[in-house]
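For reference, run14.txt is printed below; it contains compact mmCIF, C-alpha atoms.
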# COMPACT_ATOMS: atom_id res chain seq x y z
CA MET C 235 135.79 82.46 128.40
CA ASP C 236 137.31 78.97 128.53
CA GLU C 237 140.87 78.88 129.91
CA ASN C 238 142.14 77.00 126.83
CA HIS C 239 140.58 79.59 124.54
CA LEU C 240 142.22 82.38 126.53
CA ASP C 241 145.60 80.67 126.20
CA PHE C 242 144.92 80.26 122.50
CA ILE C 243 144.13 83.97 122.08
CA THR C 244 147.08 85.05 124.21
CA GLY C 245 149.33 83.66 121.52
CA CYS C 246 148.09 86.44 119.23
CA ALA C 247 148.30 89.20 121.86
CA SER C 248 150.86 91.66 123.17
CA ASN C 249 150.89 94.60 125.56
CA VAL C 250 151.13 98.00 123.92
CA VAL C 251 151.38 101.61 125.13
CA PHE C 252 150.36 104.81 123.33
CA GLN C 253 151.26 108.31 124.43
CA GLU C 254 148.74 111.15 124.30
CA GLY C 255 148.13 112.16 120.68
CA GLU C 256 149.43 108.90 119.19
CA PHE C 257 147.17 107.03 116.80
CA LEU C 258 146.21 103.41 117.36
CA PHE C 259 145.23 103.36 113.67
CA ARG C 260 144.31 105.85 110.96
CA GLN C 261 141.33 106.08 108.67
CA GLY C 262 141.99 104.16 105.44
CA THR C 263 144.87 102.07 106.76
CA PRO C 264 144.44 98.31 107.29
CA VAL C 265 143.28 97.38 110.81
CA LYS C 266 145.89 94.81 111.72
CA GLN C 267 145.24 94.79 115.45
CA ILE C 268 142.24 94.78 117.76
CA PHE C 269 142.82 96.68 120.98
CA LEU C 270 141.42 95.87 124.41
CA LEU C 271 141.91 99.01 126.47
CA ARG C 272 143.29 98.51 129.96
CA HIS C 273 143.92 102.13 130.85
CA GLY C 274 143.23 105.56 129.35
CA ARG C 275 140.76 106.86 126.80
CA VAL C 276 140.77 106.72 123.02
CA SER C 277 138.99 109.17 120.75
CA VAL C 278 137.37 107.74 117.62
CA GLN C 279 137.40 110.43 114.95
CA ALA C 280 136.36 110.94 111.36
CA PHE C 281 137.26 113.67 108.91
CA ALA C 282 134.15 115.44 107.67
CA PRO C 283 134.58 117.87 104.76
CA GLY C 284 133.69 121.36 105.90
CA ARG C 285 133.74 120.37 109.56
CA GLY C 286 137.26 119.08 109.93
CA GLN C 287 138.18 116.32 112.33
CA VAL C 288 135.08 115.29 114.34
CA THR C 289 135.09 113.06 117.41
CA VAL C 290 132.27 110.53 117.13
CA ASP C 291 133.02 108.43 120.22
CA VAL C 292 135.38 108.22 123.17
CA VAL C 293 136.06 104.79 124.64
CA GLY C 294 137.90 103.89 127.82
CA ALA C 295 139.30 101.09 129.94
CA GLY C 296 137.51 97.81 129.30
CA ASP C 297 136.42 98.84 125.81
CA LEU C 298 137.31 97.36 122.45
CA VAL C 299 138.79 99.38 119.57
CA GLY C 300 139.29 98.15 116.02
CA TRP C 301 136.72 95.35 116.16
CA SER C 302 136.31 95.43 112.38
CA GLY C 303 139.72 93.71 112.21
CA LEU C 304 137.86 90.55 113.20
CA LEU C 305 136.10 90.63 109.85
CA ASP C 306 138.78 91.72 107.43
CA ASP C 307 141.96 93.74 106.96
CA ASP C 308 140.22 96.46 104.98
CA GLY C 309 140.98 100.06 105.73
CA ALA C 310 139.78 101.53 109.03
CA ARG C 311 136.70 103.72 108.74
CA PHE C 312 137.90 106.02 111.54
CA ASP C 313 140.97 107.37 113.26
CA ALA C 314 141.63 106.14 116.80
CA MET C 315 143.77 108.54 118.85
CA ALA C 316 144.98 108.26 122.43
CA LEU C 317 143.58 111.14 124.50
CA GLU C 318 146.02 110.35 127.29
CA LEU C 319 148.45 107.58 128.14
CA VAL C 320 146.80 104.40 126.90
CA ARG C 321 147.74 100.87 127.87
CA ALA C 322 146.11 98.13 125.86
CA ILE C 323 146.26 94.51 124.83
CA ALA C 324 146.76 94.37 121.05
CA ILE C 325 145.51 91.22 119.36
CA ASP C 326 146.75 90.45 115.86
CA SER C 327 143.53 90.41 113.88
CA ALA C 328 144.64 87.95 111.16
CA CYS C 329 145.93 85.55 113.83
CA LEU C 330 142.67 85.81 115.77
CA ARG C 331 140.57 85.26 112.65
CA GLN C 332 142.54 82.13 111.84
CA LYS C 333 142.10 80.78 115.35
CA CYS C 334 138.37 81.52 115.29
CA GLU C 335 138.11 79.60 112.01
CA ALA C 336 140.18 76.73 113.34
CA ASP C 337 138.11 76.41 116.52
CA PRO C 338 134.48 77.39 115.78
CA CYS C 339 133.57 76.93 119.44
CA MET C 340 136.09 79.58 120.41
CA GLY C 341 135.05 81.64 117.39
CA LEU C 342 131.44 81.68 118.59
CA ALA C 343 132.48 82.65 122.13
CA MET C 344 134.61 85.45 120.70
CA PHE C 345 131.95 86.77 118.34
CA MET C 346 129.28 86.66 121.07
CA ARG C 347 131.45 88.96 123.15
CA VAL C 348 132.10 91.30 120.29
CA ALA C 349 128.38 91.28 119.41
CA THR C 350 127.59 92.45 122.94
CA VAL C 351 129.90 95.43 122.47
CA LEU C 352 128.41 96.17 119.06
CA GLU C 353 124.85 95.91 120.39
CA ARG C 354 125.61 98.53 123.02
CA ARG C 355 127.24 100.83 120.47
CA LEU C 356 124.39 100.40 117.98
CA ASP C 357 121.83 101.19 120.70
CA SER C 358 123.78 104.31 121.67
CA THR C 359 124.09 105.42 118.05
CA ARG C 360 120.35 104.99 117.49
CA VAL C 361 119.52 107.02 120.58
CA LEU C 362 121.99 109.72 119.51
CA LEU C 363 120.16 109.88 116.17
CA LEU C 364 117.05 110.94 118.09
CA ASP C 365 118.90 114.16 118.99
CA MET C 366 117.12 114.04 122.33
CA TYR C 367 118.55 117.28 123.69
CA ALA C 368 117.09 119.33 120.84
CA ALA C 369 114.59 121.98 121.94
CA ASN C 370 110.97 120.87 122.33
CA HIS C 371 108.59 123.62 121.40
CA HIS C 372 105.93 124.00 124.06
CA MET M 229 114.39 104.38 158.59
CA LEU M 230 114.30 105.02 154.87
CA GLN M 231 111.55 107.08 153.36
CA THR M 232 109.76 105.20 150.62
CA THR M 233 108.41 108.13 148.66
CA THR M 234 109.75 111.39 147.33
CA GLU M 235 109.65 114.34 149.66
CA ARG M 236 106.80 116.80 149.51
CA HIS M 237 106.71 120.40 150.68
CA LYS M 238 103.57 122.53 150.48
CA VAL M 239 103.40 126.23 149.81
CA ALA M 240 101.15 128.43 151.98
CA ASP M 241 98.95 130.03 149.28
CA PRO M 242 99.60 128.42 145.92
CA THR M 243 97.22 130.69 144.01
CA LEU M 244 98.82 133.97 145.06
CA PRO M 245 101.57 135.26 142.74
CA LYS M 246 104.47 137.03 144.35
CA LEU M 247 106.09 140.00 142.67
CA MET M 248 109.82 139.57 142.25
CA VAL M 249 112.53 141.60 140.58
CA VAL M 250 115.26 140.45 138.21
CA GLU M 251 118.55 141.03 139.96
CA ARG M 252 120.81 139.63 137.27
CA THR M 253 120.81 137.36 134.25
CA ARG M 254 123.59 135.31 132.75
CA ARG M 255 123.74 133.70 129.31
CA GLU M 256 124.64 130.01 129.70
CA THR M 257 124.41 128.83 126.08
CA ALA M 258 122.94 130.14 122.83
CA ASP M 259 119.40 129.29 123.96
CA THR M 260 119.66 129.06 127.74
CA PHE M 261 120.07 131.69 130.43
CA THR M 262 120.05 131.91 134.21
CA MET M 263 117.99 134.52 136.03
CA ALA M 264 118.29 135.48 139.70
CA LEU M 265 115.20 136.99 141.31
CA VAL M 266 114.86 138.92 144.57
CA GLU M 267 111.94 140.45 146.39
CA PRO M 268 111.52 144.17 145.66
CA ASP M 269 112.58 145.24 149.14
CA TYR M 270 115.23 142.52 149.44
CA ALA M 271 113.09 140.94 152.13
CA THR M 272 113.54 137.27 152.89
CA THR M 273 112.69 135.22 149.90
CA MET M 274 110.91 131.88 149.56
CA THR M 275 112.51 128.69 150.78
CA PHE M 276 112.47 125.59 148.61
CA GLN M 277 113.70 122.03 148.42
CA PRO M 278 115.95 120.74 145.59
CA GLY M 279 113.77 119.52 142.73
CA GLN M 280 110.86 121.91 143.25
CA PHE M 281 109.66 124.35 140.61
CA ASN M 282 107.97 127.73 140.37
CA MET M 283 105.33 129.01 138.00
CA VAL M 284 107.10 132.02 136.48
CA GLY M 285 104.81 134.52 134.82
CA LEU M 286 104.71 137.75 132.86
CA PRO M 287 101.39 139.64 132.82
CA GLY M 288 99.75 139.51 129.41
CA ILE M 289 102.09 136.82 128.11
CA GLY M 290 101.72 133.77 130.29
CA GLU M 291 103.12 131.55 132.98
CA VAL M 292 105.50 128.60 132.69
CA PRO M 293 106.81 125.98 135.13
CA ILE M 294 110.54 126.39 135.74
CA SER M 295 112.67 124.31 138.08
CA ILE M 296 114.68 126.18 140.66
CA SER M 297 118.38 125.88 139.85
CA GLY M 298 119.92 127.91 142.66
CA SER M 299 121.10 127.01 146.11
CA PRO M 300 118.47 125.96 148.65
CA HIS M 301 120.71 127.60 151.25
CA SER M 302 120.46 131.09 149.76
CA ALA M 303 117.91 133.09 151.69
CA ARG M 304 118.18 136.10 149.42
CA GLU M 305 117.47 135.05 145.87
CA ILE M 306 115.66 132.49 143.76
CA VAL M 307 117.51 131.30 140.67
CA HIS M 308 116.03 129.73 137.54
CA THR M 309 117.86 128.42 134.49
CA ILE M 310 115.59 128.74 131.49
CA ARG M 311 115.70 127.48 127.93
CA GLU M 312 114.10 129.74 125.34
CA VAL M 313 111.53 127.54 123.66
CA GLY M 314 108.25 129.49 123.70
CA ASP M 315 106.68 132.94 124.01
CA VAL M 316 107.05 133.23 127.78
CA THR M 317 110.60 131.98 128.01
CA LYS M 318 111.67 134.18 125.09
CA ALA M 319 110.08 137.20 126.79
CA LEU M 320 111.82 136.29 130.06
CA ALA M 321 115.13 136.18 128.19
CA ARG M 322 114.68 139.81 127.14
CA LEU M 323 114.24 141.09 130.72
CA LYS M 324 116.88 143.35 132.18
CA PRO M 325 117.83 143.77 135.84
CA GLY M 326 115.06 145.63 137.66
CA ALA M 327 112.26 144.11 135.56
CA GLN M 328 109.40 142.48 137.42
CA VAL M 329 108.09 138.93 137.18
CA MET M 330 105.32 137.03 138.93
CA ILE M 331 106.15 133.88 140.84
CA ARG M 332 103.93 131.19 142.28
CA GLY M 333 105.43 128.34 144.22
CA PRO M 334 107.52 126.51 145.08
CA PHE M 335 105.58 123.49 143.95
CA GLY M 336 106.05 119.76 143.71
CA THR M 337 107.96 116.95 145.32
CA ALA M 338 111.68 117.23 146.02
CA TRP M 339 114.72 115.09 145.37
CA PRO M 340 115.18 112.58 148.22
CA MET M 341 118.01 114.27 150.09
CA ASP M 342 117.14 112.62 153.40
CA ARG M 343 116.78 109.18 151.91
CA ALA M 344 120.18 109.56 150.22
CA ARG M 345 121.98 110.10 153.53
CA GLY M 346 124.69 107.50 154.00
CA TYR M 347 124.38 106.38 150.38
CA ASP M 348 126.47 107.01 147.29
CA VAL M 349 124.68 109.73 145.35
CA VAL M 350 124.71 109.37 141.57
CA LEU M 351 123.27 112.15 139.44
CA VAL M 352 122.67 111.35 135.77
CA THR M 353 121.46 114.18 133.65
CA GLY M 354 121.27 115.51 130.12
CA GLY M 355 120.70 118.88 128.50
CA ILE M 356 118.72 121.39 130.58
CA GLY M 357 118.17 118.56 133.09
CA LEU M 358 121.27 119.69 134.94
CA ALA M 359 119.41 122.79 136.18
CA PRO M 360 116.91 120.98 138.46
CA LEU M 361 119.78 118.91 139.86
CA ARG M 362 122.07 121.84 140.62
CA PRO M 363 120.37 122.47 144.01
CA VAL M 364 121.17 118.84 144.88
CA ILE M 365 124.83 119.50 144.08
CA TYR M 366 124.86 122.58 146.30
CA SER M 367 123.16 120.64 149.06
CA VAL M 368 125.50 117.63 148.93
CA MET M 369 128.59 119.86 148.73
CA ARG M 370 127.42 121.78 151.77
CA ASN M 371 126.70 118.62 153.76
CA ARG M 372 129.35 116.42 152.21
CA ALA M 373 129.90 114.20 155.27
CA ARG M 374 126.29 113.00 155.16
CA TYR M 375 126.76 111.17 151.87
CA GLY M 376 128.99 108.51 150.36
CA ARG M 377 130.60 108.84 146.96
CA PHE M 378 129.21 111.69 144.90
CA ILE M 379 129.05 111.32 141.13
CA LEU M 380 127.67 113.51 138.36
CA LEU M 381 127.30 112.12 134.84
CA TYR M 382 126.19 114.88 132.51
CA GLY M 383 125.41 114.73 128.81
CA ALA M 384 124.92 117.61 126.39
CA ARG M 385 124.45 117.93 122.65
CA THR M 386 127.75 119.69 121.86
CA PRO M 387 130.52 121.35 123.92
CA GLU M 388 128.78 124.70 123.31
CA ASP M 389 125.62 123.36 124.96
CA VAL M 390 127.29 122.49 128.26
CA LEU M 391 125.68 124.45 131.10
CA PHE M 392 127.37 126.02 134.13
CA ARG M 393 130.85 125.63 132.64
CA LYS M 394 132.57 127.75 135.27
CA GLU M 395 130.97 125.80 138.08
CA LEU M 396 131.72 122.48 136.43
CA ARG M 397 135.40 123.46 136.41
CA GLU M 398 135.19 124.40 140.07
CA TRP M 399 133.35 121.22 141.06
CA ARG M 400 135.90 119.15 139.16
CA SER M 401 138.59 120.41 141.52
CA HIS M 402 136.91 118.69 144.47
CA PHE M 403 138.59 115.35 145.09
CA ASP M 404 135.40 113.92 146.59
CA PHE M 405 133.17 114.77 143.61
CA ASP M 406 133.51 112.55 140.54
CA LEU M 407 132.25 114.48 137.56
CA GLN M 408 132.03 113.22 133.96
CA VAL M 409 130.78 115.26 131.03
CA THR M 410 129.94 113.77 127.66
CA VAL M 411 128.57 115.28 124.45
CA ASP M 412 126.81 113.76 121.45
CA ARG M 413 129.36 115.14 119.01
CA ALA M 414 132.46 117.30 119.21
CA PRO M 415 135.45 118.63 117.30
CA ASN M 416 138.66 116.76 117.98
CA THR M 417 139.85 119.57 120.26
CA TRP M 418 137.32 118.30 122.86
CA ARG M 419 139.18 116.23 125.44
CA ASN M 420 136.18 114.96 127.39
CA ASN M 421 133.85 112.07 126.61
CA VAL M 422 131.76 111.70 123.48
CA GLY M 423 128.69 109.47 123.39
CA LEU M 424 125.55 108.79 125.37
CA VAL M 425 125.56 109.65 129.05
CA THR M 426 124.40 106.10 129.80
CA ALA M 427 127.74 104.82 128.47
CA LEU M 428 129.40 106.37 131.53
CA ILE M 429 127.33 104.33 134.00
CA PRO M 430 129.01 100.89 133.78
CA ARG M 431 132.37 102.22 134.97
CA ALA M 432 131.27 104.98 137.33
CA PRO M 433 132.78 104.39 140.78
CA PHE M 434 129.73 103.74 142.99
CA ASP M 435 128.41 100.80 145.00
CA PRO M 436 125.09 99.87 143.33
CA ASN M 437 123.79 98.28 146.53
CA GLU M 438 124.29 101.51 148.44
CA THR M 439 123.29 104.06 145.84
CA VAL M 440 120.52 106.58 145.42
CA ALA M 441 120.38 107.80 141.83
CA MET M 442 118.68 110.97 140.66
CA VAL M 443 117.98 111.27 136.95
CA CYS M 444 116.80 114.30 135.01
CA GLY M 445 116.61 114.95 131.29
CA PRO M 446 114.59 113.96 128.24
CA GLU M 447 112.27 111.04 128.97
CA ILE M 448 114.06 108.73 126.57
CA MET M 449 117.32 109.44 128.37
CA ILE M 450 115.66 108.74 131.71
CA ARG M 451 114.40 105.37 130.45
CA TYR M 452 117.79 104.25 129.14
CA THR M 453 119.52 105.54 132.25
CA ALA M 454 117.18 103.68 134.60
CA GLN M 455 117.72 100.46 132.63
CA GLU M 456 121.49 100.90 132.78
CA LEU M 457 121.42 101.67 136.51
CA MET M 458 119.29 98.60 137.22
CA LYS M 459 121.60 96.50 135.03
CA ARG M 460 124.42 97.71 137.26
CA GLY M 461 122.42 96.60 140.33
CA VAL M 462 120.81 99.78 141.66
CA ALA M 463 117.40 99.00 143.21
CA SER M 464 114.50 100.43 141.20
CA ASP M 465 113.07 102.21 144.25
CA ASN M 466 116.41 103.97 144.71
CA ILE M 467 116.23 105.50 141.23
CA PHE M 468 114.51 108.87 141.25
CA LEU M 469 113.55 110.91 138.23
CA SER M 470 111.98 114.26 137.48
CA MET M 471 109.11 114.28 135.01
CA GLU M 472 108.57 117.17 132.64
CA ARG M 473 104.99 117.73 131.59
CA ASN M 474 102.90 120.65 130.44
CA MET M 475 102.09 122.08 133.86
CA LYS M 476 99.67 125.01 133.96
CA CYS M 477 98.03 125.54 137.34
CA GLY M 478 100.59 123.94 139.65
CA LEU M 479 97.70 122.89 141.87
CA GLY M 480 96.49 119.62 140.38
CA LEU M 481 93.28 121.26 139.18
CA CYS M 482 93.53 121.89 135.44
CA GLY M 483 94.69 118.42 134.39
CA HIS M 484 97.22 119.60 131.78
CA CYS M 485 99.98 117.57 133.37
CA GLN M 486 97.86 114.54 134.26
CA LEU M 487 99.53 111.18 133.68
CA ARG M 488 97.00 108.43 134.43
CA GLY M 489 96.18 109.02 138.11
CA ASN M 490 99.06 111.43 138.66
CA PHE M 491 99.12 115.18 138.50
CA ILE M 492 102.80 115.82 137.83
CA CYS M 493 102.63 119.32 139.30
CA LEU M 494 101.18 118.01 142.54
CA ASP M 495 102.32 114.40 142.94
CA GLY M 496 105.64 115.01 141.14
CA PRO M 497 107.75 116.11 139.41
CA VAL M 498 110.11 113.83 141.38
CA TYR M 499 109.11 110.16 141.47
CA ASN M 500 110.96 106.93 141.94
CA TRP M 501 111.22 104.41 139.12
CA ASP M 502 108.73 102.04 140.77
CA GLN M 503 106.11 104.78 140.66
CA MET M 504 106.74 106.02 137.13
CA GLY M 505 108.74 103.43 135.18
CA LYS M 506 105.81 101.45 133.78
CA LEU M 507 103.93 104.61 132.77
CA MET M 508 106.97 105.83 130.86
CA GLU M 509 106.78 102.69 128.71
CA VAL M 510 103.22 103.45 127.61
CA ARG M 511 103.01 105.03 124.18
CA GLU M 512 101.15 108.30 123.74
CA LEU M 513 100.80 108.75 127.51
Show how you would write the structure in this file as C-alpha cells.
Amino acid sequence: MDENHLDFITGCASNVVFQEGEFLFRQGTPVKQIFLLRHGRVSVQAFAPGRGQVTVDVVGAGDLVGWSGLLDDDGARFDAMALELVRAIAIDSACLRQKCEADPCMGLAMFMRVATVLERRLDSTRVLLLDMYAANHH
Amino acid sequence: MLQTTTERHKVADPTLPKLMVVERTRRETADTFTMALVEPDYATTMTFQPGQFNMVGLPGIGEVPISISGSPHSAREIVHTIREVGDVTKALARLKPGAQVMIRGPFGTAWPMDRARGYDVVLVTGGIGLAPLRPVIYSVMRNRARYGRFILLYGARTPEDVLFRKELREWRSHFDFDLQVTVDRAPNTWRNNVGLVTALIPRAPFDPNETVAMVCGPEIMIRYTAQELMKRGVASDNIFLSMERNMKCGLGLCGHCQLRGNFICLDGPVYNWDQMGKLMEVREL
C-alpha cells in the first residue's frame, strides 16, 4: 500500500492488547474498530439456541477481525474472544470509512485487500459446507 | 540425487492371503477403531513402507483395502485404523482379540521418505487421512536428524472426531515437531483452531523451496491443499498425495480402481501432484 495511504490510515489506528478470555467485541454491539492481529489467536463465536456458544472460526496473527466495521456500525454478528494474549492494531472504523470516502484511490486499495481476506473466508466456508469428512458409504 | 517418483515395494505372492490374529482393538472415535494384528504363532510379521495398504478380509463377508497405520519399525504387529462405513469394516469392528482375519499385502507405492531427506516435511491431512500418514510420523520421529522442520496440519470434523488424541498430545510435547489441529466446528471450550486445514498453510513455519509435502484426506481437501501449498511456493513435484479408490484385487487386474491409465492399487496410492493433479480436476473420473 502507498506510503501516504499508510500514514493516512495510521491516524485512525492504535495498538491494543487483550488478555485471554477478553472480548474484542460482542454479538449485537456496534463494531467500532477493525482489528489487525499481530500476535495471538481470536475465536469467532456465535450463540446457537440448543447448542450454546459455538466457535465458527479461529483467526491468528496477520488476520483481520471485525471487517464489517468498514461497511457500517451495525451490531456485530459474532463474538470475538481472545484465546490467549492478543496484540493487535485497532483501526477506528468510522474514521477509516471517512478516509476511504475522502480518497477513493485509497478506498479502493483498502477494499481490495479486505476483499482478498473475504474471498479466502468465503472459499473456506463453502468447502466446509461440503462436510468433506463425513463418511462415504462404499 | 532426488528420486522423481514415489517409492514402490513389491510383495512376494500378492494373491496368497495370510492368516492373522487380532491382538487388540482400540476405539478411536464413534465410527473409527484401531486394530493390531499378529501372526498366530507370533512369528515375524510382514514388513511395509509408510503409505502402503493391505487387503483385509473376512471369509464370507469380503475384503477391503486398508492403509497401514502402525509403525514400520515394529516387527511384531501390523496396525490398521479403520472407519466403519460398510459391511466388512462393520464386521471387523465387532472382532474381539483372538479372532482371525485374512491379509493380503502390503500393496502400493509408499510415501517418499528417501526423497524427503534433508527437506522440511509437511504433512497435511484430514479425517481418517491421518491414519496412512501415521507411519510417516513414526519414521520421521525415529530418524529425526535426517529431516528439516517437521510439521503436521490435521483437520477433523469436530473435536470428537480427532484421531489418536493421546499420541497427538505426546507428539505436541516434542519441540521439533510443529503440530496444528483444526476442526470444522466446535463448542467454545475448544482451544485449538477452527476452520479448514488449508487455512493453516500460509503461516506454517516451513521453507517452501526446501519442502516435501505429503497430503492425505478427501479428494477435495487434497485439491485445495495442493493449490495452497503451490501458492506458498512448494514445487508441484514435491507435493505427494494418497488416492483413495475402490480397490478390489490389489493387483491391477480387476480395474475397479482404474483412473485413466493408472491402477491406483498398483501404480499408487501415493503419487505426486504432477502425476495426479490434472486427473483430479476431471469431473466424473
Can you tell me how far atom CA of C:Arg272 sits from atom CA of C:Val320, in Å to one decimal?
->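 Atom-to-atom, atom CA of C:Arg272 to atom CA of C:Val320, that is 7.5 Å.
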May I have the residues within 12 Å of C:Arg355 as a list in words, using only C-alpha atoms and disregarding those fewer than 3 positions away in the same chain?
->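 Near C:Arg355, the qualifying residues are Val290, Asp291, Val292, Val293, Asp297, Leu298, Val299, Trp301, Val348, Ala349, Thr350, Val351, Leu352, Ser358, Thr359, Arg360, Val361 and Leu362 of chain C; Gly423, Leu424, Thr426 and Ala427 of chain M.
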Name all residues at most 7 Å from M:Ala441 (count all atoms listed in the file; drop same-chain ones fewer than 6 positions away) and give them as a PyMOL selection string.
-> chain M and resi 349-351+466-468
Got a sec: who's within 9 Å of M:Arg304, counting all atoms listed in the file, leaving out chain neighbours fewer than 2 positions off, as a list in words?
-> Leu265, Val266, Glu267, Tyr270, Ala271, Thr272, Thr273, Met274, Ser302 and Ile306 of chain M
Please return, as a PyMOL selection string, all residues of chain M lying within 6 Å of chain C when all atoms listed in the file are considered.
-> chain M and resi 313-314+355+413-416+421-423
Which neighbours of stretch 237-247 of chain C fall inside 8 Å, counting all atoms listed in the file, when residues of the same chain fewer than 2 positions from it are skipped, and could you give them as a compact mmCIF listing (two decimals) with C-alpha atoms, keeping the file's coordinate frame?
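Listed below is the output, out16.txt:
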# COMPACT_ATOMS: atom_id res chain seq x y z
CA MET C 235 135.79 82.46 128.40
CA ASN C 249 150.89 94.60 125.56
CA ILE C 323 146.26 94.51 124.83
CA ALA C 324 146.76 94.37 121.05
CA ILE C 325 145.51 91.22 119.36
CA ASP C 326 146.75 90.45 115.86
CA CYS C 329 145.93 85.55 113.83
CA LEU C 330 142.67 85.81 115.77
CA LYS C 333 142.10 80.78 115.35
CA MET C 340 136.09 79.58 120.41
Skipping near chain neighbours, those fewer than 3 positions away, what residues fall within 9 Å of M:Asp404 using all atoms listed in the file, listed as a list in words?
-> Arg372, Arg377, Phe378, Ile379 and Ser401 of chain M
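With atom CA of M:Arg488 on one side and atom CA of M:Asp241 on the other, the separation reads 26.3 Å.
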Quick one, how far is atom CA of M:Cys477 from atom CA of M:Ile356?
-> 22.2 Å
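Closest to C:Ala316 among M:Arg431, M:Arg419, M:Arg322, M:Asp259 is M:Arg419, based on all atoms listed in the file.
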Got a sec to check which residues sit within 12 Å of (106.9, 132.1, 126.4), counting only C-alpha atoms, and write them as a ChimeraX atom specification?
-> /C:371-372 /M:284-294,310-322
Residues within 10 Å of (116.0, 104.8, 126.2), counting only C-alpha atoms, listed as a PyMOL selection string | (chain C and resi 357-358+360-361) or (chain M and resi 426+446-456+509)
